[in-house]
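> Encoded as C-alpha cells, here's the structure I'll be asking about.
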Amino acid sequence: MGYKVVVAGATGNVGREMLNILAEREFPVDEIAVLASRRSLGTEVSFGDKTLKTRDIEGFDFTGWDIALFAIGSEATRKYAPIAAGQGCVVIDNSSLYRYDPDVPLVVPEVNAEAVEGYAKKNIIANPNCSTAQMVVALKPLHDRARIRRVVVATYQSVSGAGKEGMDELWDQTKSIYNPTDNRPPKKFTKQIAFNVIPHIDVFMEDGSTKEEWKMVAETKKILDPAIKVTATCVRVPVFVGHSEAVNVEFEEFLDEDEARDILREAPGVMVVDKREDGGYVTPVECVGDYATFVSRIRQDSTIENGLNLWVVSDNLRKGAALNAVQIAEVLGNRCLKKG
C-alpha cells in the first residue's frame, strides 16, 4: 500500500522537478494529484510515463491524501497549507513561510532527519532555502568531526532560483546584447543579468544584509547548530541552473585537508571531485540533473588557526528544492507514516 500524494504548483520549475524525482526514485505512489492556480488549469505535466492534467487548488479537498508537496510561493502557501494540514494531509513546503516557525521542522535529511518527527504539531514540514541546503550537506560531516565555529560564504546563484521569469530574462537579455535594436531592460532583476553579476538577492534589511543572506544564517543555525556563526554574501550570476558557493570554515580544533576530503567522500549526499589540475573541480554545468552536492577545492586556510576552504556546487532545482522535498517525504514515510 502506497501513498496518496499531491503536488501543488505542478506547472512551475520546482513542481515539475518534484514529479520527475518522485518517478525517478520510485516513491510508492498509489494516487497522485497535480494542482495549479486557475490560470494554469488543465495544463498537462509528466509523471513517469503518464501525462496528468492539473486541477484547481482552489477548493481541492485534501482529506484522505497523505502528503502534499507545495511549490507555490509564500502567499499561496499561507492560504492553502493550513487547509491541507487541517484536513489531515502532511504539507512539505518549499516556500520560506514556515522555515523559522519553532513548531515546524526545517529538514535536510542528510543533516537532521530526526527533526521530521516533530511534524505533527502543525502537520507541516519546511524545506530550506536552496543555498542553505547544499551548504549544510557539506558542513554536517565536518562539524561532527571538529565542531564548526564560524562560516563565511559567498554564493554564486543561478537565475533558476528566481523561477521561470529569471531564466527567461537571462535568455532574452543575452540574445539582445547581440542585437542593438532589441533592448531588454531588467524586469525580474534589479540590474542587467546577462554578462553581469548582481550582489543582491531578495530585499535589503536594516543591517545592510539581504534577506537571502539572513536566510542562510538563520537556517544554518536551525538545521545544523545554533552556536555556529555565519556571514553570507549572496550573488546572482548569469547561469541557468546550479548554485555555487565559496565556503570558508573555521573549526574549534584543527582538521587536516586530507582528513576532511576523506570524511566528505564517505558523507551521504556528497560527491568529492577535487584534483589539483585543470578541470579537476565541478562547475554548475556539470551538476545539472544530479542528486549530489559536489565539493571541490578543499584546502587549508593558512590565515586562521583551524580553517578550511571549500567549493560547493549543486543543482538548486534538485537538492536545493525538489529533491530535498521528496527526500523529506521518504523519511516521513519511513519514520512516521509507515506505508508503502
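Chain lettering (A, B, ...) mirrors the order of the C-alpha cells, residue numbering begins at 1 for each chain separately, and ligand numbering begins at 1 in order of display.
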Identify, on the basis of only C-alpha atoms, every residue whose closest approach to segment 209-215 of chain A does not exceed 8 Å; exclude the query and any residue fewer than 6 positions from it along the same chain; express the result as an mmCIF file with C-alpha atoms, in the first residue's frame.

data_model
loop_
_atom_site.group_PDB
_atom_site.id
_atom_site.type_symbol
_atom_site.label_atom_id
_atom_site.label_comp_id
_atom_site.auth_asym_id
_atom_site.auth_seq_id
_atom_site.Cartn_x
_atom_site.Cartn_y
_atom_site.Cartn_z
ATOM 1 C CA ASN A 129 16.486 27.749 1.104
ATOM 2 C CA THR A 132 21.463 26.688 2.652
ATOM 3 C CA HIS A 200 21.552 41.422 -4.349
ATOM 4 C CA ILE A 201 19.037 38.593 -3.806
ATOM 5 C CA ASP A 202 15.723 39.318 -2.054
ATOM 6 C CA VAL A 203 15.047 42.529 -0.125
ATOM 7 C CA THR A 231 28.089 35.518 7.475
ATOM 8 C CA ALA A 232 26.987 35.402 3.839
ATOM 9 C CA THR A 233 27.164 37.444 0.646
ATOM 10 C CA CYS A 234 24.640 36.193 -1.915
#
> Write out as a PyMOL selection string the residues lying within 7 Å of Gly307 of chain A, counting only C-alpha atoms and excluding same-chain residues fewer than 5 positions away.
chain A and resi 249-251+300-301
> How would the residues just chosen look if you wrote them out with C-alpha atoms as an mmCIF file, in the first residue's frame?

data_model
loop_
_atom_site.group_PDB
_atom_site.id
_atom_site.type_symbol
_atom_site.label_atom_id
_atom_site.label_comp_id
_atom_site.auth_asym_id
_atom_site.auth_seq_id
_atom_site.Cartn_x
_atom_site.Cartn_y
_atom_site.Cartn_z
ATOM 1 C CA VAL A 249 35.078 27.343 7.601
ATOM 2 C CA GLU A 250 36.731 27.940 10.972
ATOM 3 C CA PHE A 251 36.736 24.963 13.353
ATOM 4 C CA GLN A 300 43.756 24.637 4.295
ATOM 5 C CA ASP A 301 43.254 28.318 5.123
#
> According to DSSP computed on the backbone, where in segment 189-317 of chain A is there strand (DSSP E or B)? Give the residues as an MDAnalysis selection string.
chainID A and resid 198 204 210 229:236 243:251 270:272 293:301 307:314
> So which residues touch Glu117 of chain A within 9 Å, counting only C-alpha atoms, skipping near sequence neighbours fewer than 4 positions away, as a list in words?
Pro105, Ala113, Leu332, Arg335 and Cys336 of chain A
> Check which residues of segment 145-219 of chain A sit at most 10 Å from segment 314-327 of chain A using only C-alpha atoms, and return one row each with the closest pair of atoms and their distance in Å to one decimal, ordered by chain and rising number, as a tab-separated table.

residue	atom	partner	partner_atom	distance
A:Gln157	CA	A:Asn316	CA	8.5
A:Ser158	CA	A:Asn316	CA	8.0
A:Val159	CA	A:Asn316	CA	9.9
A:Ser160	CA	A:Leu317	CA	7.5
A:Gly161	CA	A:Asn316	CA	7.0
A:Gly163	CA	A:Leu317	CA	9.6
> Could you write out that same residue set with C-alpha atoms as a PDB file, in the first residue's frame?

ATOM      1  CA  GLN A 157      23.358  31.641  -7.504  1.00  0.00           C
ATOM      2  CA  SER A 158      21.770  30.748 -10.831  1.00  0.00           C
ATOM      3  CA  VAL A 159      18.767  32.561 -12.271  1.00  0.00           C
ATOM      4  CA  SER A 160      16.518  29.489 -11.939  1.00  0.00           C
ATOM      5  CA  GLY A 161      16.413  30.354  -8.244  1.00  0.00           C
ATOM      6  CA  GLY A 163      11.899  30.990 -11.299  1.00  0.00           C
TER       7      GLY A 163
END
> Would you please give, as JSON, numbers by chain, all residues of segment 37-205 of chain A that DSSP assigns to helix (DSSP H, G or I) based on the backbone?
{"A": [38, 39, 40, 73, 74, 75, 76, 77, 78, 79, 80, 81, 82, 83, 84, 85, 86, 109, 110, 111, 112, 113, 114, 115, 116, 117, 118, 119, 120, 121, 130, 131, 132, 133, 134, 135, 136, 137, 138, 139, 140, 141, 142, 143, 144, 145, 146, 159, 160, 161, 162, 163, 164, 165, 166, 167, 168, 169, 170, 171, 172, 173, 174, 175, 176, 177]}
> Sorted by chain and rising residue number, list the residues of segment 163-200 of chain A at most 12 Å from segment 2-24 of chain A (counting only C-alpha atoms), each with its closest atom pair and distance in Å to one decimal, as a tab-separated table.

residue	atom	partner	partner_atom	distance
A:Gly163	CA	A:Asn13	CA	6.7
A:Lys164	CA	A:Asn13	CA	6.8
A:Glu165	CA	A:Asn13	CA	10.4
A:Gly166	CA	A:Asn13	CA	11.2
A:Met167	CA	A:Asn13	CA	10.2
> Could the residues in this selection be saved with N, CA and C atoms as a JSON list (two decimals), in the first residue's frame?

[["chain", "number", "residue", "atom", "x", "y", "z"],
["A", 163, "GLY", "N", 13.02, 31.53, -10.54],
["A", 163, "GLY", "CA", 11.90, 30.99, -11.30],
["A", 163, "GLY", "C", 12.04, 31.17, -12.80],
["A", 164, "LYS", "N", 10.96, 30.83, -13.50],
["A", 164, "LYS", "CA", 10.97, 30.90, -14.97],
["A", 164, "LYS", "C", 11.23, 32.32, -15.47],
["A", 165, "GLU", "N", 10.70, 33.31, -14.77],
["A", 165, "GLU", "CA", 10.91, 34.70, -15.19],
["A", 165, "GLU", "C", 12.39, 35.05, -15.19],
["A", 166, "GLY", "N", 13.12, 34.56, -14.19],
["A", 166, "GLY", "CA", 14.55, 34.82, -14.13],
["A", 166, "GLY", "C", 15.30, 34.17, -15.27],
["A", 167, "MET", "N", 14.92, 32.93, -15.59],
["A", 167, "MET", "CA", 15.57, 32.22, -16.70],
["A", 167, "MET", "C", 15.27, 32.89, -18.03]]
> Give me, please, the distance in Å between atom CA of Ile263 of chain A and atom CA of Glu26 of chain A, quoted to one decimal.
29.2 Å
> Find the residue from A:Gly64, A:Thr283, A:Leu106, A:Val217 that sits nearest to Val151 of chain A; use only C-alpha atoms when measuring.
A:Val217
> Show me, as a Markdown table, the residues of segment 100-146 of chain A having an atom within 7 Å of segment 80-94 of chain A, each with the closest atom pair and its distance in Å, using only C-alpha atoms.

| residue | atom | partner | partner_atom | distance |
| --- | --- | --- | --- | --- |
| A:Lys122 | CA | A:Ala85 | CA | 6.9 |
| A:Asn123 | CA | A:Val90 | CA | 4.9 |
| A:Ile124 | CA | A:Val91 | CA | 4.7 |
| A:Ile125 | CA | A:Ile92 | CA | 4.8 |
| A:Ala126 | CA | A:Asp93 | CA | 5.0 |
| A:Asn127 | CA | A:Asn94 | CA | 4.9 |
> Put those residues in a file: N, CA, C and O atoms, as a JSON list (two decimals), in the first residue's frame.

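See result_5.json below for the written result:
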[["chain", "number", "residue", "atom", "x", "y", "z"],
["A", 122, "LYS", "N", 2.00, 20.90, 13.58],
["A", 122, "LYS", "CA", 1.21, 21.67, 12.62],
["A", 122, "LYS", "C", 0.90, 20.90, 11.35],
["A", 122, "LYS", "O", 0.27, 21.44, 10.44],
["A", 123, "ASN", "N", 1.39, 19.66, 11.27],
["A", 123, "ASN", "CA", 1.23, 18.85, 10.05],
["A", 123, "ASN", "C", 1.95, 19.48, 8.86],
["A", 123, "ASN", "O", 1.53, 19.31, 7.71],
["A", 124, "ILE", "N", 3.02, 20.21, 9.17],
["A", 124, "ILE", "CA", 3.79, 20.91, 8.13],
["A", 124, "ILE", "C", 5.28, 20.68, 8.39],
["A", 124, "ILE", "O", 5.73, 20.71, 9.54],
["A", 125, "ILE", "N", 6.03, 20.46, 7.31],
["A", 125, "ILE", "CA", 7.50, 20.39, 7.36],
["A", 125, "ILE", "C", 8.03, 21.38, 6.33],
["A", 125, "ILE", "O", 7.51, 21.48, 5.22],
["A", 126, "ALA", "N", 9.06, 22.13, 6.71],
["A", 126, "ALA", "CA", 9.62, 23.15, 5.82],
["A", 126, "ALA", "C", 10.87, 22.64, 5.11],
["A", 126, "ALA", "O", 11.69, 21.93, 5.69],
["A", 127, "ASN", "N", 10.97, 23.02, 3.85],
["A", 127, "ASN", "CA", 12.15, 22.76, 3.02],
["A", 127, "ASN", "C", 13.02, 24.01, 3.10],
["A", 127, "ASN", "O", 12.52, 25.13, 2.99]]
> Residues of segment 71-181 of chain A within 10 Å of segment 32-43 of chain A: nearest atom pair and distance (Å, one decimal) for each, counting only C-alpha atoms, sorted by chain and number, as CSV?

residue,atom,partner,partner_atom,distance
A:Ala71,CA,A:Ala36,CA,9.7
A:Ile72,CA,A:Ala36,CA,8.2
A:Ala76,CA,A:Ser37,CA,9.3
> Could you check the closest approach to Lys191 of chain A for each of A:Arg236, A:Arg150, A:Lys53, A:Lys229 and tell me which residue wins, using only C-alpha atoms?
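Looking only at the distances to Lys191 of chain A, the closest residue turns out to be A:Arg236.
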